[in-house]
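*Asks:* Just so it is clear, I am handing over start08.txt, which has compact mmCIF, C-alpha atoms and all ligand atoms.
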```
# COMPACT_ATOMS: atom_id res chain seq x y z
CA MET A 1078 5.48 -61.42 -25.04
CA ARG A 1079 8.04 -64.05 -23.99
CA CYS A 1080 9.16 -63.86 -20.42
CA ASP A 1081 10.42 -65.94 -17.49
CA TYR A 1082 9.42 -64.83 -14.02
CA HIS A 1083 11.41 -67.19 -11.86
CA LEU A 1084 15.15 -67.47 -12.16
CA HIS A 1085 18.18 -67.59 -9.95
CA SER A 1086 21.84 -66.72 -10.27
CA SER A 1087 24.92 -67.03 -8.06
CA ILE A 1088 23.40 -64.26 -5.94
CA SER A 1089 21.32 -67.15 -4.53
CA ALA A 1090 22.96 -69.82 -2.36
CA ASP A 1091 22.02 -72.68 -4.68
CA SER A 1092 23.21 -71.41 -8.05
CA THR A 1093 26.70 -71.03 -9.51
CA THR A 1094 25.57 -69.26 -12.68
CA SER A 1095 26.46 -65.59 -12.97
CA PRO A 1096 23.53 -63.29 -13.69
CA PHE A 1097 25.34 -62.25 -16.88
CA GLN A 1098 25.20 -65.85 -18.14
CA GLN A 1099 21.48 -65.98 -17.42
CA ILE A 1100 20.94 -62.76 -19.36
CA LYS A 1101 23.01 -64.05 -22.28
CA ARG A 1102 20.85 -67.15 -22.51
CA ALA A 1103 17.64 -65.09 -22.32
CA GLU A 1104 18.97 -62.95 -25.18
CA ALA A 1105 19.82 -66.02 -27.23
CA LEU A 1106 16.30 -67.35 -26.69
CA GLY A 1107 14.84 -64.04 -27.84
CA LEU A 1108 12.96 -63.40 -24.60
CA ASP A 1109 11.40 -60.00 -24.02
CA GLU A 1110 11.65 -59.97 -20.25
CA ILE A 1111 13.13 -61.90 -17.32
CA CYS A 1112 12.81 -61.48 -13.60
CA PHE A 1113 15.52 -62.58 -11.18
CA THR A 1114 13.97 -64.06 -8.05
CA GLU A 1115 16.86 -64.62 -5.64
CA HIS A 1116 16.28 -66.52 -2.39
CA LEU A 1117 15.35 -64.52 0.66
CA GLU A 1118 15.12 -67.14 3.41
CA ILE A 1119 15.30 -65.67 6.86
CA HIS A 1120 16.02 -68.00 9.80
CA PHE A 1121 16.25 -70.86 7.31
CA TYR A 1122 17.23 -74.22 8.71
CA ARG A 1123 19.79 -74.62 5.90
CA GLY A 1124 21.72 -71.56 7.01
CA GLU A 1125 22.33 -67.87 6.50
CA ASP A 1126 23.65 -68.37 2.94
CA TRP A 1127 20.05 -68.48 1.81
CA HIS A 1128 19.33 -65.07 3.23
CA VAL A 1129 20.23 -62.78 0.34
CA ASP A 1130 21.70 -59.42 1.33
CA LEU A 1131 19.15 -57.23 -0.42
CA LEU A 1132 21.29 -54.10 -0.62
CA ASP A 1133 24.16 -56.07 -2.14
CA TYR A 1134 21.71 -57.75 -4.54
CA LYS A 1135 20.30 -54.36 -5.53
CA GLU A 1136 23.80 -53.01 -6.24
CA ARG A 1137 24.73 -56.01 -8.35
CA PHE A 1138 21.40 -55.83 -10.12
CA ALA A 1139 22.05 -52.20 -11.07
CA GLN A 1140 25.00 -53.38 -13.15
CA LEU A 1141 22.93 -55.77 -15.26
CA THR A 1142 21.96 -54.57 -18.69
CA SER A 1143 20.75 -55.99 -21.95
CA SER A 1144 19.94 -54.39 -25.27
CA SER A 1145 17.05 -56.76 -25.96
CA VAL A 1146 15.76 -58.21 -22.67
CA LYS A 1147 14.01 -56.20 -20.00
CA ILE A 1148 15.38 -57.27 -16.60
CA LYS A 1149 13.27 -57.09 -13.46
CA PHE A 1150 14.22 -57.16 -9.79
CA GLY A 1151 12.44 -59.92 -7.94
CA ILE A 1152 12.68 -61.90 -4.74
CA GLU A 1153 11.63 -65.43 -3.88
CA ALA A 1154 10.64 -65.05 -0.25
CA GLY A 1155 10.51 -68.15 1.93
CA ILE A 1156 7.29 -68.32 3.91
CA ALA A 1157 7.65 -71.69 5.67
CA LEU A 1158 8.56 -69.58 8.64
CA ALA A 1159 7.79 -69.48 12.36
CA ALA A 1160 5.10 -66.93 13.19
CA GLU A 1161 7.42 -64.68 15.17
CA TYR A 1162 9.64 -63.99 12.14
CA PHE A 1163 7.07 -62.60 9.73
CA SER A 1164 7.47 -58.98 10.81
CA GLU A 1165 11.19 -59.29 10.16
CA LEU A 1166 10.49 -60.71 6.69
CA GLU A 1167 8.09 -57.86 5.99
CA ASP A 1168 10.67 -55.27 7.07
CA GLU A 1169 13.17 -56.79 4.66
CA LEU A 1170 10.67 -56.82 1.80
CA ARG A 1171 9.92 -53.16 2.45
CA SER A 1172 13.62 -52.25 2.54
CA VAL A 1173 14.15 -52.32 -1.24
CA PRO A 1174 11.83 -51.45 -4.12
CA CYS A 1175 10.93 -54.68 -5.91
CA ASP A 1176 9.21 -55.39 -9.18
CA PHE A 1177 7.98 -58.81 -8.13
CA VAL A 1178 7.90 -61.05 -5.05
CA LEU A 1179 7.23 -64.73 -5.26
CA ALA A 1180 6.04 -66.23 -1.97
CA SER A 1181 7.28 -69.81 -1.72
CA ALA A 1182 7.55 -72.57 0.83
CA HIS A 1183 10.68 -74.73 0.61
CA SER A 1184 10.09 -77.00 3.56
CA VAL A 1185 7.50 -78.42 5.90
CA ASN A 1186 8.59 -78.47 9.53
CA ASP A 1187 12.18 -77.82 8.44
CA ILE A 1188 12.34 -80.84 6.14
CA ASP A 1189 12.56 -80.29 2.42
CA PRO A 1190 11.43 -82.50 -0.47
CA PHE A 1191 14.99 -83.42 -1.35
CA ASP A 1192 15.16 -85.33 1.96
CA PRO A 1193 13.51 -88.80 1.87
CA ALA A 1194 12.15 -88.05 5.37
CA PHE A 1195 9.77 -85.59 3.71
CA TYR A 1196 7.82 -88.54 2.27
CA GLU A 1197 8.32 -91.09 5.03
CA GLY A 1198 5.13 -92.83 6.08
CA LYS A 1199 3.01 -90.64 3.81
CA THR A 1200 1.23 -91.13 0.54
CA ILE A 1201 2.06 -88.61 -2.19
CA ALA A 1202 -1.42 -87.08 -1.69
CA HIS A 1203 -0.70 -86.61 2.01
CA VAL A 1204 2.62 -84.94 1.18
CA PHE A 1205 0.89 -82.44 -1.10
CA ARG A 1206 -1.82 -81.73 1.47
CA ASP A 1207 0.77 -80.92 4.13
CA TYR A 1208 2.81 -78.82 1.75
CA ILE A 1209 -0.10 -76.74 0.41
CA SER A 1210 -1.35 -76.16 3.97
CA THR A 1211 2.11 -74.87 4.84
CA ILE A 1212 1.92 -72.37 1.97
CA LEU A 1213 -1.44 -71.08 3.16
CA THR A 1214 -0.34 -70.82 6.80
CA GLY A 1215 2.61 -68.69 5.68
CA LEU A 1216 0.61 -66.49 3.32
CA LYS A 1217 -1.94 -65.68 5.99
CA GLN A 1218 0.81 -64.14 8.08
CA LEU A 1219 2.31 -62.05 5.28
CA ASN A 1220 0.98 -58.63 4.29
CA PRO A 1221 -0.55 -59.14 0.81
CA ASP A 1222 0.96 -55.89 -0.45
CA LEU A 1223 4.36 -57.54 -0.11
CA TYR A 1224 4.02 -60.45 -2.53
CA SER A 1225 2.80 -60.90 -6.09
CA SER A 1226 2.47 -64.59 -6.90
CA VAL A 1227 2.54 -67.91 -5.04
CA GLY A 1228 5.47 -70.11 -6.09
CA HIS A 1229 5.47 -73.75 -7.17
CA MET A 1230 2.41 -75.23 -5.52
CA ASP A 1231 3.68 -78.64 -6.72
CA PHE A 1232 7.19 -78.29 -5.27
CA PRO A 1233 7.17 -81.74 -3.55
CA ALA A 1234 7.12 -83.29 -7.04
CA LYS A 1235 10.77 -82.29 -7.37
CA GLY A 1236 11.91 -84.42 -4.45
CA ALA A 1237 13.88 -87.61 -4.04
CA HIS A 1238 10.98 -89.95 -3.43
CA SER A 1239 9.98 -93.34 -4.74
CA GLU A 1240 6.78 -92.36 -6.59
CA LYS A 1241 7.03 -93.03 -10.30
CA ASP A 1242 4.58 -90.28 -11.08
CA SER A 1243 5.05 -87.36 -8.73
CA ARG A 1244 2.76 -84.88 -10.48
CA LEU A 1245 0.27 -82.95 -8.38
CA PHE A 1246 -3.34 -83.77 -9.18
CA TYR A 1247 -6.21 -81.70 -7.86
CA HIS A 1248 -7.91 -84.73 -6.30
CA TYR A 1249 -4.90 -85.28 -4.00
CA ALA A 1250 -5.66 -82.16 -2.02
CA PRO A 1251 -8.97 -80.58 -3.06
CA ASP A 1252 -9.72 -78.94 0.29
CA GLU A 1253 -6.23 -77.52 0.69
CA ILE A 1254 -6.04 -76.28 -2.90
CA ASP A 1255 -9.50 -74.70 -2.67
CA ALA A 1256 -8.59 -73.00 0.61
CA LEU A 1257 -5.42 -71.58 -0.94
CA PHE A 1258 -7.21 -70.31 -4.06
CA ARG A 1259 -10.11 -68.90 -2.04
CA TYR A 1260 -7.60 -66.97 0.02
CA ILE A 1261 -5.41 -65.50 -2.75
CA ILE A 1262 -7.94 -64.80 -5.52
CA PRO A 1263 -10.00 -62.15 -3.65
CA LEU A 1264 -6.73 -60.48 -2.68
CA GLY A 1265 -5.86 -60.10 -6.36
CA LYS A 1266 -2.84 -62.40 -6.01
CA CYS A 1267 -2.00 -65.18 -8.43
CA ILE A 1268 -0.47 -68.62 -8.67
CA GLU A 1269 2.71 -69.59 -10.49
CA VAL A 1270 3.00 -72.31 -13.10
CA ASN A 1271 6.52 -73.56 -12.45
CA THR A 1272 8.05 -75.73 -15.17
CA ALA A 1273 10.91 -77.12 -13.07
CA THR A 1274 8.98 -80.32 -12.39
CA TYR A 1275 8.61 -80.88 -16.12
CA ARG A 1276 12.24 -81.97 -16.21
CA ASN A 1277 11.32 -85.39 -14.74
CA LEU A 1278 8.16 -85.94 -16.73
CA GLY A 1279 9.36 -88.22 -19.46
CA GLN A 1280 6.47 -88.90 -21.81
CA ARG A 1281 3.78 -87.90 -19.31
CA GLU A 1282 1.55 -84.87 -19.86
CA VAL A 1283 2.54 -81.66 -18.17
CA PRO A 1284 0.70 -81.32 -14.83
CA GLY A 1285 -1.62 -78.54 -13.74
CA GLU A 1286 -4.62 -78.54 -16.02
CA ASP A 1287 -7.00 -79.92 -13.38
CA TRP A 1288 -5.95 -77.57 -10.58
CA LEU A 1289 -5.79 -74.56 -12.88
CA ARG A 1290 -9.30 -75.32 -14.09
CA ARG A 1291 -10.41 -75.19 -10.45
CA TYR A 1292 -8.49 -71.92 -10.05
CA VAL A 1293 -10.49 -70.45 -12.94
CA GLN A 1294 -13.76 -71.80 -11.49
CA LEU A 1295 -13.02 -70.01 -8.24
CA GLY A 1296 -12.40 -66.73 -10.07
CA GLY A 1297 -8.66 -66.89 -10.81
CA GLU A 1298 -7.89 -64.95 -13.96
CA TYR A 1299 -4.14 -64.75 -14.23
CA ILE A 1300 -0.94 -66.62 -13.48
CA THR A 1301 2.80 -66.20 -13.73
CA PHE A 1302 5.16 -68.55 -15.55
CA GLY A 1303 8.52 -69.48 -14.07
CA SER A 1304 11.21 -71.98 -15.00
CA ASP A 1305 13.05 -71.81 -11.67
CA ALA A 1306 16.25 -72.03 -13.73
CA HIS A 1307 19.39 -72.05 -11.61
CA SER A 1308 21.47 -72.60 -14.77
CA PRO A 1309 21.07 -71.28 -18.32
CA GLU A 1310 19.76 -74.43 -20.01
CA TYR A 1311 16.47 -74.32 -18.12
CA ILE A 1312 15.45 -70.74 -18.78
CA HIS A 1313 12.00 -70.67 -20.39
CA TYR A 1314 11.94 -74.47 -20.20
CA ARG A 1315 8.85 -75.91 -21.93
CA PHE A 1316 6.90 -72.66 -21.64
CA ASP A 1317 4.99 -73.42 -24.82
CA ASP A 1318 3.63 -76.60 -23.22
CA ALA A 1319 2.84 -74.72 -20.02
CA ALA A 1320 0.97 -71.99 -21.91
CA GLU A 1321 -0.97 -74.53 -23.96
CA MET A 1322 -1.99 -76.36 -20.78
CA ALA A 1323 -3.05 -73.13 -19.05
CA ARG A 1324 -5.10 -72.10 -22.07
CA ARG A 1325 -6.88 -75.47 -22.03
CA ALA A 1326 -7.67 -74.89 -18.36
CA GLY A 1327 -9.31 -71.58 -19.26
CA VAL A 1328 -6.78 -69.16 -17.75
CA LYS A 1329 -7.17 -65.78 -19.43
CA TYR A 1330 -3.95 -63.92 -18.71
CA TYR A 1331 -0.40 -64.23 -17.54
CA ALA A 1332 1.32 -61.31 -15.89
CA THR A 1333 4.61 -59.52 -15.80
CA PHE A 1334 5.23 -56.97 -13.05
CA GLU A 1335 6.46 -53.43 -12.70
CA ARG A 1336 7.06 -52.17 -9.16
CA MET A 1337 4.68 -54.83 -7.79
CA LYS A 1338 1.90 -53.92 -10.23
CA PRO A 1339 0.76 -56.67 -12.60
CA VAL A 1340 0.76 -56.06 -16.33
CA PHE A 1341 -1.62 -58.49 -18.02
CA HIS A 1342 -0.99 -60.33 -21.24
CA LYS A 1343 -3.56 -62.42 -23.02
CA LEU A 1344 -2.81 -66.13 -22.99
ZN ZN A 1401 11.44 -72.07 -4.87
ZN ZN A 1402 13.27 -70.64 -7.13
```
Spit out the file's structure as structure tokens when you get a sec.

*Replies:*
Amino acid sequence: MRCDYHLHSSISADSTTSPFQQIKRAEALGLDEICFTEHLEIHFYRGEDWHVDLLDYKERFAQLTSSSVKIKFGIEAGIALAAEYFSELEDELRSVPCDFVLASAHSVNDIDPFDPAFYEGKTIAHVFRDYISTILTGLKQLNPDLYSSVGHMDFPAKGAHSEKDSRLFYHYAPDEIDALFRYIIPLGKCIEVNTATYRNLGQREVPGEDWLRRYVQLGGEYITFGSDAHSPEYIHYRFDDAAEMARRAGVKYYATFERMKPVFHKL
């Protein structure tokens, strides 16, 4: 089973790739399944563009077909959100039937990792602690029936900072990572392995083995894989390396989703 459960198209504010181009690339790669996860950011500090119109998205999605790739309807829902807006987010998520919802934080206190201010006066460990705490704060306010997986726990690694090695290591934020895993695992939710940060790795090993091993220790059994591709060349980017790493960490399954229900595949 070859799939990619995190991709964007021009339906999202930050991509200029048509969904048809994304499908074409997935077909060329011989993938079995892809899931579009367009940005749903309500009251986002970067503007209304990031707030996908779900009915319009659903209509455009209905026109997408492929003879070889199964195409799923997903949403990447922003959860770095003020407490008073969560009921509005939940109403939106209930307004259309989804296959998959990725809950992701894209900022901490309205600053994102692409802004040098995100790292100012902080060590990289401190940055990750703040970021992972932000994820957990958001998740605790969101009805667990309304999301499937937790997106890119190592998102700050993508930013414009001065660290040579920006990979997330478990020892940077053990308490925060444990708290996140201890919250999502009993709820039956999972964590995403996002390969977007692999683009800046150079010769270094892919990150994640240490924190995934802890995930398994705490009872985590399955994950999702996502490339976060906003353009065709990154679809399914280094998934073989990601799967190998997850296997070494002891993860048993990865999942695809059908109407919010996980379908497990052996790793
Ligand atoms: Zn994201
Ligand atoms: Zn994304």

*Asks:* Ligand ZN 1402 (chain A): which residues are within 9 Å, counting all atoms listed in the file? Reply as a ChimeraX atom specification.

*Replies:* /A:1083-1085,1114-1116,1153,1179,1181,1228-1229,1303-1307

*Asks:* Name the closest residue to ligand ZN 1401 (chain A) among the candidates A:Asp1255, A:Asp1187, A:Asp1318, A:Asp1091; distances are taken between atoms, counting only C-alpha atoms and all ligand atoms.

*Replies:*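 Closest candidate: A:Asp1091.
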
*Asks:* Measuring between all atoms listed in the file, which one of A:His1313, A:Arg1325, A:Arg1123, A:Arg1281 shows the shortest distance to Leu1106 of chain A?

*Replies:*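 Ranked by minimum distance to Leu1106 of chain A, first place goes to A:His1313.
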
*Asks:* Quick one: residues within 12 Å of Asn1277 of chain A, all atoms listed in the file, excluding same-chain residues fewer than 3 positions away - as a list of chain:residue names?

*Replies:*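 Here the qualifying residues turn out to be A:Ala1234, A:Lys1235, A:Gly1236, A:Ala1237, A:Glu1240, A:Lys1241, A:Asp1242, A:Ser1243, A:Arg1244, A:Thr1272, A:Ala1273, A:Thr1274, A:Gln1280, A:Arg1281, A:Glu1282, A:Val1283, A:Pro1284.
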
*Asks:* Any idea what's packed within 9 Å of Pro1309 of chain A, counting all atoms listed in the file, ignoring anything in its chain fewer than 2 positions away? Could you give it as a list in words?

*Replies:*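 Near Pro1309 of chain A, the qualifying residues are Thr1094, Gln1098, Gln1099, Ile1100, Lys1101, Arg1102, Ala1103, Ala1306, His1307, Tyr1311 and Ile1312 of chain A.
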
*Asks:* Measure the distance from atom CA of Lys1199 of chain A to atom CA of Phe1232 of chain A in Å and round it to one decimal.

*Replies:*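 Those two atoms sit 15.9 Å apart.
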
*Asks:* Can you work out the spacing between atom CA of Tyr1196 of chain A and atom CA of Tyr1208 of chain A in Å, to one decimal?

*Replies:*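 Result for atom CA of Tyr1196 of chain A versus atom CA of Tyr1208 of chain A: 10.9 Å, one decimal.
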
*Asks:* Neighbours of segment 1326-1332 of chain A within 10 Å (only C-alpha atoms; same-chain residues fewer than 6 positions away dropped), as number ranges by chain?

*Replies:* A: 1078, 1080, 1082, 1225-1226, 1267-1270, 1285-1294, 1296-1302, 1320, 1338-1344

*Asks:* Selection from above, C-alpha atoms, as a tab-separated table (two decimals), in the frame of the given file, can you write it?

*Replies:*
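Generated output (selection_18.tsv):
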```
chain	number	residue	atom	x	y	z
A	1078	MET	CA	5.48	-61.42	-25.04
A	1080	CYS	CA	9.16	-63.86	-20.42
A	1082	TYR	CA	9.42	-64.83	-14.02
A	1225	SER	CA	2.80	-60.90	-6.09
A	1226	SER	CA	2.47	-64.59	-6.90
A	1267	CYS	CA	-2.00	-65.18	-8.43
A	1268	ILE	CA	-0.47	-68.62	-8.67
A	1269	GLU	CA	2.71	-69.59	-10.49
A	1270	VAL	CA	3.00	-72.31	-13.10
A	1285	GLY	CA	-1.62	-78.54	-13.74
A	1286	GLU	CA	-4.62	-78.54	-16.02
A	1287	ASP	CA	-7.00	-79.92	-13.38
A	1288	TRP	CA	-5.95	-77.57	-10.58
A	1289	LEU	CA	-5.79	-74.56	-12.88
A	1290	ARG	CA	-9.30	-75.32	-14.09
A	1291	ARG	CA	-10.41	-75.19	-10.45
A	1292	TYR	CA	-8.49	-71.92	-10.05
A	1293	VAL	CA	-10.49	-70.45	-12.94
A	1294	GLN	CA	-13.76	-71.80	-11.49
A	1296	GLY	CA	-12.40	-66.73	-10.07
A	1297	GLY	CA	-8.66	-66.89	-10.81
A	1298	GLU	CA	-7.89	-64.95	-13.96
A	1299	TYR	CA	-4.14	-64.75	-14.23
A	1300	ILE	CA	-0.94	-66.62	-13.48
A	1301	THR	CA	2.80	-66.20	-13.73
A	1302	PHE	CA	5.16	-68.55	-15.55
A	1320	ALA	CA	0.97	-71.99	-21.91
A	1338	LYS	CA	1.90	-53.92	-10.23
A	1339	PRO	CA	0.76	-56.67	-12.60
A	1340	VAL	CA	0.76	-56.06	-16.33
A	1341	PHE	CA	-1.62	-58.49	-18.02
A	1342	HIS	CA	-0.99	-60.33	-21.24
A	1343	LYS	CA	-3.56	-62.42	-23.02
A	1344	LEU	CA	-2.81	-66.13	-22.99
```

*Asks:* One decimal, Å: what's the distance from atom CA of Ile1088 of chain A over to atom CA of Glu1104 of chain A, could you say?

*Replies:*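 Between these atoms lies a distance of 19.8 Å.
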
*Asks:* Considering only C-alpha atoms and all ligand atoms, state which residue in the set A:Ile1111, A:Leu1158, A:Met1230, A:Leu1170 is at the smallest distance from ligand ZN 1401 (chain A).

*Replies:* A:Met1230

*Asks:* Given all atoms listed in the file as the basis, pick out the residue of A:Phe1205, A:Trp1127, A:Tyr1260, A:Tyr1134 nearest to ligand ZN 1401 (chain A).

*Replies:* A:Trp1127

*Asks:* My list of candidates is A:Val1146, A:Ala1090, A:Ala1160, A:Leu1295. Which is closest to His1128 of chain A when distances are computed with only C-alpha atoms?

*Replies:* A:Ala1090

*Asks:* Which of these residues is nearest to ligand ZN 1401 (chain A), using all atoms listed in the file: A:Lys1266, A:Arg1315, A:His1183, A:Lys1149?

*Replies:* A:His1183

*Asks:* Do a neighbour search on Ala1202 of chain A at 7 Å with all atoms listed in the file, toss out local chain neighbours closer than 2 positions, and write the hits as a ChimeraX atom specification.

*Replies:* /A:1200,1204-1206,1249-1250

*Asks:* Place N, CA and C atoms on segment 1185-1209 of chain A and deliver the coordinates as a PDB file, keeping the file's coordinate frame.

*Replies:*
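The file below, out_20.pdb, is the result:
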```
ATOM      1  N   VAL A1185       8.608 -78.243   4.965  1.00  0.00           N
ATOM      2  CA  VAL A1185       7.500 -78.420   5.900  1.00  0.00           C
ATOM      3  C   VAL A1185       8.133 -78.897   7.196  1.00  0.00           C
ATOM      4  N   ASN A1186       7.946 -78.165   8.247  1.00  0.00           N
ATOM      5  CA  ASN A1186       8.590 -78.470   9.530  1.00  0.00           C
ATOM      6  C   ASN A1186      10.108 -78.672   9.387  1.00  0.00           C
ATOM      7  N   ASP A1187      10.726 -77.782   8.633  1.00  0.00           N
ATOM      8  CA  ASP A1187      12.180 -77.820   8.440  1.00  0.00           C
ATOM      9  C   ASP A1187      12.700 -79.082   7.752  1.00  0.00           C
ATOM     10  N   ILE A1188      11.865 -79.731   6.982  1.00  0.00           N
ATOM     11  CA  ILE A1188      12.340 -80.840   6.140  1.00  0.00           C
ATOM     12  C   ILE A1188      11.954 -80.479   4.716  1.00  0.00           C
ATOM     13  N   ASP A1189      12.898 -80.672   3.794  1.00  0.00           N
ATOM     14  CA  ASP A1189      12.560 -80.290   2.420  1.00  0.00           C
ATOM     15  C   ASP A1189      12.400 -81.531   1.538  1.00  0.00           C
ATOM     16  N   PRO A1190      11.769 -81.350   0.385  1.00  0.00           N
ATOM     17  CA  PRO A1190      11.430 -82.500  -0.470  1.00  0.00           C
ATOM     18  C   PRO A1190      12.637 -83.244  -1.035  1.00  0.00           C
ATOM     19  N   PHE A1191      13.825 -82.690  -0.870  1.00  0.00           N
ATOM     20  CA  PHE A1191      14.990 -83.420  -1.350  1.00  0.00           C
ATOM     21  C   PHE A1191      15.486 -84.418  -0.297  1.00  0.00           C
ATOM     22  N   ASP A1192      14.839 -84.406   0.869  1.00  0.00           N
ATOM     23  CA  ASP A1192      15.160 -85.330   1.960  1.00  0.00           C
ATOM     24  C   ASP A1192      14.093 -86.435   1.964  1.00  0.00           C
ATOM     25  N   PRO A1193      14.510 -87.710   1.878  1.00  0.00           N
ATOM     26  CA  PRO A1193      13.510 -88.800   1.870  1.00  0.00           C
ATOM     27  C   PRO A1193      12.562 -88.747   3.064  1.00  0.00           C
ATOM     28  N   ALA A1194      12.998 -88.153   4.168  1.00  0.00           N
ATOM     29  CA  ALA A1194      12.150 -88.050   5.370  1.00  0.00           C
ATOM     30  C   ALA A1194      10.865 -87.261   5.092  1.00  0.00           C
ATOM     31  N   PHE A1195      10.922 -86.408   4.073  1.00  0.00           N
ATOM     32  CA  PHE A1195       9.770 -85.590   3.710  1.00  0.00           C
ATOM     33  C   PHE A1195       8.570 -86.469   3.326  1.00  0.00           C
ATOM     34  N   TYR A1196       8.874 -87.653   2.789  1.00  0.00           N
ATOM     35  CA  TYR A1196       7.820 -88.540   2.270  1.00  0.00           C
ATOM     36  C   TYR A1196       7.552 -89.740   3.164  1.00  0.00           C
ATOM     37  N   GLU A1197       8.382 -89.891   4.204  1.00  0.00           N
ATOM     38  CA  GLU A1197       8.320 -91.090   5.030  1.00  0.00           C
ATOM     39  C   GLU A1197       6.955 -91.302   5.667  1.00  0.00           C
ATOM     40  N   GLY A1198       6.410 -92.474   5.467  1.00  0.00           N
ATOM     41  CA  GLY A1198       5.130 -92.830   6.080  1.00  0.00           C
ATOM     42  C   GLY A1198       3.936 -92.072   5.526  1.00  0.00           C
ATOM     43  N   LYS A1199       4.112 -91.417   4.377  1.00  0.00           N
ATOM     44  CA  LYS A1199       3.010 -90.640   3.810  1.00  0.00           C
ATOM     45  C   LYS A1199       2.768 -91.052   2.368  1.00  0.00           C
ATOM     46  N   THR A1200       1.515 -90.977   1.956  1.00  0.00           N
ATOM     47  CA  THR A1200       1.230 -91.130   0.540  1.00  0.00           C
ATOM     48  C   THR A1200       1.605 -89.809  -0.148  1.00  0.00           C
ATOM     49  N   ILE A1201       1.722 -89.836  -1.461  1.00  0.00           N
ATOM     50  CA  ILE A1201       2.060 -88.610  -2.190  1.00  0.00           C
ATOM     51  C   ILE A1201       0.948 -87.561  -1.994  1.00  0.00           C
ATOM     52  N   ALA A1202      -0.302 -88.020  -1.901  1.00  0.00           N
ATOM     53  CA  ALA A1202      -1.420 -87.080  -1.690  1.00  0.00           C
ATOM     54  C   ALA A1202      -1.262 -86.381  -0.336  1.00  0.00           C
ATOM     55  N   HIS A1203      -0.909 -87.145   0.662  1.00  0.00           N
ATOM     56  CA  HIS A1203      -0.700 -86.610   2.010  1.00  0.00           C
ATOM     57  C   HIS A1203       0.428 -85.559   2.018  1.00  0.00           C
ATOM     58  N   VAL A1204       1.484 -85.873   1.293  1.00  0.00           N
ATOM     59  CA  VAL A1204       2.620 -84.940   1.180  1.00  0.00           C
ATOM     60  C   VAL A1204       2.149 -83.605   0.598  1.00  0.00           C
ATOM     61  N   PHE A1205       1.371 -83.680  -0.469  1.00  0.00           N
ATOM     62  CA  PHE A1205       0.890 -82.440  -1.100  1.00  0.00           C
ATOM     63  C   PHE A1205      -0.065 -81.686  -0.177  1.00  0.00           C
ATOM     64  N   ARG A1206      -0.897 -82.412   0.545  1.00  0.00           N
ATOM     65  CA  ARG A1206      -1.820 -81.730   1.470  1.00  0.00           C
ATOM     66  C   ARG A1206      -1.046 -80.943   2.530  1.00  0.00           C
ATOM     67  N   ASP A1207      -0.042 -81.587   3.098  1.00  0.00           N
ATOM     68  CA  ASP A1207       0.770 -80.920   4.130  1.00  0.00           C
ATOM     69  C   ASP A1207       1.500 -79.700   3.547  1.00  0.00           C
ATOM     70  N   TYR A1208       2.027 -79.886   2.359  1.00  0.00           N
ATOM     71  CA  TYR A1208       2.810 -78.820   1.750  1.00  0.00           C
ATOM     72  C   TYR A1208       1.926 -77.605   1.420  1.00  0.00           C
ATOM     73  N   ILE A1209       0.772 -77.850   0.812  1.00  0.00           N
ATOM     74  CA  ILE A1209      -0.100 -76.740   0.410  1.00  0.00           C
ATOM     75  C   ILE A1209      -0.676 -76.034   1.651  1.00  0.00           C
TER      76      ILE A1209
END
```
